[in-house]
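Remarks on the structure that follows.
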Protein chains: 2
Amino acid sequence: MPASCDLLLINATVLTMDEAFTIRRNGAVAVTGDSIAGVGDARQWQATESIDCGRRVVMPGLVNAHTHAAMALLRGLADDLRLDVWLMGYMMPVEREFVSPEFVRLGTKLGCAEMIRSGITCFADMYYFEESVAEATAEAGLRALCAQTVLRFPAPDAASYEDGLARARDFIQRWRGHPLIVPAPAPHAPYTCTPEILRACAELAAEFDVPLHIHLSETLLEAEESRRVNGMPVIPWVKKQGLFGAKVLAAHCVHVDDGEMRALKNFGAGIAHNPTSNLKLGAGIAPVARMRELGLNVGIGTDGAASNNDLDMFEETRLAALLAKGIGGDPTAIPAREALAMATRVGACALHLGHLTGSLEAGKRADLIVLDLDRLHNVPAFARDPAGIYAQIVYAAKSTDVVDVMCNGRWLMRDRVLLTLDESALRGAACGQAAAIDAFLGSREVSVLQKLVAIGGAVEQESFEVQVKARVPSAAQVVAVIESDRMTVIRASRYHQFDKYWSFDDPAQGRLRFREEELLDDHGAITAARGRLTLTGDTREDRFGAVLLSRSRYLAPAAHSARFYREYFRPATERVVEKDRRRWLVAYRGVEFYVHLDRLMDPASDGYFLEVKSRTWSRRDARDKAAVITELLALFGASPDDTISDGYVDLAAGLAARRTGE
Amino acid sequence: MPASCDLLLINATVLTMDEAFTIRRNGAVAVTGDSIAGVGDARQWQATESIDCGRRVVMPGLVNAHTHAAMALLRGLADDLRLDVWLMGYMMPVEREFVSPEFVRLGTKLGCAEMIRSGITCFADMYYFEESVAEATAEAGLRALCAQTVLRFPAPDAASYEDGLARARDFIQRWRGHPLIVPAPAPHAPYTCTPEILRACAELAAEFDVPLHIHLSETLLEAEESRRVNGMPVIPWVKKQGLFGAKVLAAHCVHVDDGEMRALKNFGAGIAHNPTSNLKLGAGIAPVARMRELGLNVGIGTDGAASNNDLDMFEETRLAALLAKGIGGDPTAIPAREALAMATRVGACALHLGHLTGSLEAGKRADLIVLDLDRLHNVPAFARDPAGIYAQIVYAAKSTDVVDVMCNGRWLMRDRVLLTLDESALRGAACGQAAAIDAFLGSREVSVLQKLVAIGGAVEQESFEVQVKARVPSAAQVVAVIESDRMTVIRASRYHQFDKYWSFDDPAQGRLRFREEELLDDHGAITAARGRLTLTGDTREDRFGAVLLSRSRYLAPAAHSARFYREYFRPATERVVEKDRRRWLVAYRGVEFYVHLDRLMDPASDGYFLEVKSRTWSRRDARDKAAVITELLALFGASPDDTISDGYVDLAAGLAARRTGE
């Protein structure tokens, strides 16, 4: 006697994607409530409702193993930039400004709409305000592993890491047991977390028996820094912090060696492979074929739409299959069937949700999609090889071939019409949000100063100085005077300075100096290094004889590389100056002065340059100090005729021009 | 006063893709006849017909720089196989059997339908019966560089290379000057052509001032073989054959060094980059960023649908942009604007058709497409960066966003409906063709013998032999007898033989022996090497004492590697036997016998084995020879008790089992 079920999909080519890769031609899928009652012959079942699939393909919904759904709102915000410029120049400043529960809710819905259209029924998310992600996802009707980000620095939703951790705990407590949402903590990455955060997140995940979502070994820099700073590769290091006490979903794992892959396998970690994002940001290509050989559960993820720029698992799966072949020179690597398994069952296992979804098997949740493979890009189809259908789906089909989508027994799309989301309203709201972001970025990009402020980490600081620069005939005389009892040396130091001077098409933007300096000891050995950015105007405030009053408009520690700032600020010209500087803070006649004794190394110049400068607060104070500076100049053996009103950059330009005969 | 035109597309975001990358927001494109009259402001024009584009994007049609359009009919025929197995095991046998003018016409129409849907208005083709490609393409209304293949071996449309060349000449003469079709010769590749063919094709192209289409440096093997055989890399070698006397379109160029790229640039060659195909077949990744740096015109191609498996230039362009970043670790490589230029204007230049198509500029042909960027995967869009629209198209848009397509001033698709092709009829015909191919492959795959015949190059040859095998106590005694005056040595030789014995799940399939042997001189140096395949049944025909009558069912020279045959035949088990063989053809009592004196090296075995065998034609002859063989055995010092009825493979299996203690 036939068993009863709520819904029977009949006349379908059913790809179960189970371990045996069972295919049922002219098969049926029975659904009761939120679950699959069985797969097989239509005559086995007595259904309340029956749907003829017209020989279309019915298969498990795709599992997007790593994304930041809400970043659909940042799609196309900034492209073709290096990771740091993209992340710290654009993504993070915009996130700091805009990310709110409402932003996250809208972005997640936009992302869910796109994911449903592309046949995704389950995804692993990581973002801020993750409870808003969870709410929007549950409303859209999709299944998700929602992971609340925890960072060691302030985030849009947490002033400190303790706040982030508390938020994660609260989120997990409130959402666990939800039929669609599995909550989790997400320590962002080893290099953005402290060991303490990694350990606390792992303990939190273990306490509630939920997975833990993290970015691991995405870039070569991360892997190299781990070896340098921690003395070991990324995976052993996070192991040492107790990370694998939790069920880990590790996104990326681009730069892992064989030992690390074996360790990940031993610790039962799942991997999310994000081929588009890894290519687009120049991170590299994960050794996926080897991972699969070792038996690792490797899922496929789109990453966020800001680095993809869409959430299309058909494109992603195809790319995963193609890349594995291309980089290994082995066209048999990751065949289509294997790629599609990674996009479904194996991906679900990577999320530690293999018991719920990823294949059409009795008892699993009814997460399935219907594909129309009749469009011309899928024609013809060959019957010779039973695996041909996988090749057709992976290499030829498109996300737009998805006709129907069901998640947890509920239809989310029928005949390409979304049933749980209002696309037109989402489009309108998203465009509004984009306009606000455009305005924000537009206003900051009007000036170099605003761009400098926008990347944060520094405060604006205006200071005035009186200063003079002069050629001196002899370094010895300067040192002798400084060391004489005419003045008191408060501090002495020596630097090797590398300066880059950037100017812009609009001179009103001022000039940006990027200085990297090495502090040297008495023997010339490097004892410390630091970077600094200084934005100066091109005008001088005043002049007292040879002594200038100047204003430094902005000073900031420079944590990034010259390359970062060059790509971020895009200066019109660059001048390089390298020099050896001896520096003294001296007291003379009760006033503190800095004395710099400089030797230019690039462009090379004979002789020495002397700078004497002092902070000042008023024009009168400036005039008084200028008089003392003039006196000091004479003491040091420089006549007023030797003074130079140009800065080193202009001096250097002149020297370089003379040398090359320009 | 406004100028007049036939058709005015208004209210469009016009991406001209001209050299300055001019974008017209709320712009207009004026078309008169087959050409673009101008791009600019709608008010400049007085039009017979005006179409409001509703702010959609109007841009040049995409240029597919390398394909085999008719191979759309072979889409998904065989995937995830190595290049040689794919090509020689599947593609070529099927092409030999099925490719006809009708096949080519149907396949080309199928390909054209898909290409129109994906926004392609111009493609570079290379196939057989190219006049059928040209006819079908012209009917579909697309522009194409149609290149007639010339090969050094028989092709579906030419029994010899002279026929192929004559066909190419005839084709070019009849089609030059066509408004849509530019005919060309296509010497297939350096390794499938002779120097004479390359030279003749180049001269033919130069004579009619048409381009020349060729595959160059696709695989590492090709590049390495060129160095080994020709003593130089591929590009200098084809240069030496006069190839660059023609305007060359070189497909692939995956394995070219800096010097070769510079040479290609100097010779004005265009490159067709086929990222999907190169990945899928494991060929590698072309150094596209470097090529562009050197100023080479690099277009983007889908290659044939048999190795892609679709003709989607959106996917291809995105992949080209992503790969360049991923392999160089540089996310700024091939930015979106550059990638889209490669897919349009630069691609047209690579085809040497830059004067006709590739950008929206007055005087060029009206080849354009209209994109709807309103679907959710394109939402939102940011206005901050004017280049953002290129990123949107390259990274987020899909081929299904193409709404309208015009080529040569004629609409080929409006509102996603094809106007020149009947999709439903094409689908039906393609499915019929696929069923016939399925039947063909199905019949050959029923037996190992049929699969062996299918890859061609060998004739079936049945032979009967009487033979005996025995252990002999001393090699010296055998040699002494042979060198005595009891028999006449007709020929003597020595081999080092490496055999692989493959058996199948169904024993009735017989056993396949793949033998690689090195011919050694008196000093043991290798003087020649060859490979051979022998298919034997598992039954013996008869037995005369210790002498067996056996049948060799099939013998074929083996031109491919063991790996090729292993992947093609997929045997269930493999046994390896390596031996040193001395071989004599002797006359004894007026009958010719082969005498083999063998020493097993892998698995190692002490002592020597003797084989005596002779061809036979009748059972009576076999009986007579068996008697003489028995006599010979005694002469050589082997008693009938020492004879072995097993072949070496079984003997080897026994030895191996004993050694490992199985």
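All residue names refer to the structure tokens as shown: chains lettered A, B, ... in order, residues numbered from 1 in each chain, ligands numbered from 1 in order.
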Just want the 8 Å neighbourhood of Cys201 in chain A, counted on only C-alpha atoms, with same-chain residues fewer than 2 positions away dropped. Output as an mmCIF file with N, CA and C atoms, in the first residue's frame.
```
data_model
loop_
_atom_site.group_PDB
_atom_site.id
_atom_site.type_symbol
_atom_site.label_atom_id
_atom_site.label_comp_id
_atom_site.auth_asym_id
_atom_site.auth_seq_id
_atom_site.Cartn_x
_atom_site.Cartn_y
_atom_site.Cartn_z
ATOM 1 N N LEU A 165 31.707 39.482 21.985
ATOM 2 C CA LEU A 165 31.549 38.131 22.510
ATOM 3 C C LEU A 165 30.203 37.994 23.229
ATOM 4 N N PRO A 185 29.349 31.566 16.674
ATOM 5 C CA PRO A 185 30.283 32.688 16.809
ATOM 6 C C PRO A 185 31.243 32.695 15.613
ATOM 7 N N ALA A 186 31.715 33.890 15.267
ATOM 8 C CA ALA A 186 32.673 34.020 14.163
ATOM 9 C C ALA A 186 33.841 34.899 14.575
ATOM 10 N N PRO A 187 34.847 34.308 15.212
ATOM 11 C CA PRO A 187 36.083 35.089 15.390
ATOM 12 C C PRO A 187 36.589 35.372 13.971
ATOM 13 N N ILE A 197 40.438 35.749 22.202
ATOM 14 C CA ILE A 197 39.163 35.746 21.472
ATOM 15 C C ILE A 197 38.937 34.389 20.823
ATOM 16 N N LEU A 198 39.977 33.844 20.201
ATOM 17 C CA LEU A 198 39.839 32.547 19.540
ATOM 18 C C LEU A 198 39.391 31.490 20.556
ATOM 19 N N ARG A 199 40.052 31.506 21.714
ATOM 20 C CA ARG A 199 39.737 30.515 22.743
ATOM 21 C C ARG A 199 38.308 30.711 23.259
ATOM 22 N N GLU A 203 35.209 28.075 22.955
ATOM 23 C CA GLU A 203 34.508 27.580 24.153
ATOM 24 C C GLU A 203 33.016 27.871 24.079
ATOM 25 N N LEU A 204 32.702 29.035 23.552
ATOM 26 C CA LEU A 204 31.282 29.404 23.399
ATOM 27 C C LEU A 204 30.582 28.428 22.449
ATOM 28 N N ALA A 205 31.227 28.147 21.324
ATOM 29 C CA ALA A 205 30.631 27.220 20.348
ATOM 30 C C ALA A 205 30.467 25.837 20.952
ATOM 31 N N LEU A 212 31.563 26.916 14.505
ATOM 32 C CA LEU A 212 32.306 28.174 14.607
ATOM 33 C C LEU A 212 32.787 28.520 13.200
ATOM 34 N N LEU A 243 41.146 26.337 19.076
ATOM 35 C CA LEU A 243 40.045 26.593 18.139
ATOM 36 C C LEU A 243 39.288 25.319 17.784
#
```
Practice task
Extract, using only C-alpha atoms, all DNA, RNA and protein residues at most 7 Å from Met126 in chain A, discarding same-chain residues fewer than 3 positions from it, and format them as a count of residues only.
Solution key: 7
With a distance cut-off of 6 Å and only C-alpha atoms, select the neighbouring residues of Trp502 in chain A, excluding the residue or stretch itself and same-chain residues fewer than 4 positions from it, and output the selection as a PDB file with C-alpha atoms, in the first residue's frame.
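Listing of part.pdb after writing:
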```pdb
ATOM      1  CA  ARG A 511      51.239  67.737  -0.309  1.00  0.00           C
ATOM      2  CA  LEU A 512      51.316  64.399   1.451  1.00  0.00           C
ATOM      3  CA  PRO A 571      48.850  61.130  -6.332  1.00  0.00           C
ATOM      4  CA  THR A 573      53.542  62.837  -8.816  1.00  0.00           C
ATOM      5  CA  GLU A 574      55.896  61.211  -6.385  1.00  0.00           C
TER       6      GLU A 574
END
```
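When only C-alpha atoms are used to measure the gap to Gln450 in chain A, the shortest distance among A:Ser50, A:Pro93, A:Thr344, A:Asp310 belongs to A:Pro93.
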Practice task
Could you please determine the separation between CA of Lys280 in chain A and CA of Ile120 in chain A in Å, to one decimal place?
Solution key: 21.9 Å
Completion exercise
re CA of Phe440 in chain A and CA of Leu87 in chain A: distance 16.5 Å
I want to know what sits within 9 Å of Phe21 in chain B, based on only C-alpha atoms, with residues of the same chain fewer than 4 positions away left out; could you give that as a short mmCIF file (atom, residue, chain, number, x, y, z; two decimals) with C-alpha atoms, in the first residue's frame?
```cif
data_model
loop_
_atom_site.label_atom_id
_atom_site.label_comp_id
_atom_site.auth_asym_id
_atom_site.auth_seq_id
_atom_site.Cartn_x
_atom_site.Cartn_y
_atom_site.Cartn_z
CA LEU B 15 29.35 52.51 -23.54
CA THR B 16 31.14 53.24 -26.78
CA MET B 17 34.22 51.16 -25.83
CA ARG B 337 37.20 48.03 -18.20
CA ALA B 341 37.66 46.11 -24.05
#
```
Handout entry: All helix (DSSP H, G or I) residues (DSSP, backbone) inside range 44-113 of chain A, as a PyMOL selection string
Key = chain A and resi 44+69-74+83-98+101-113
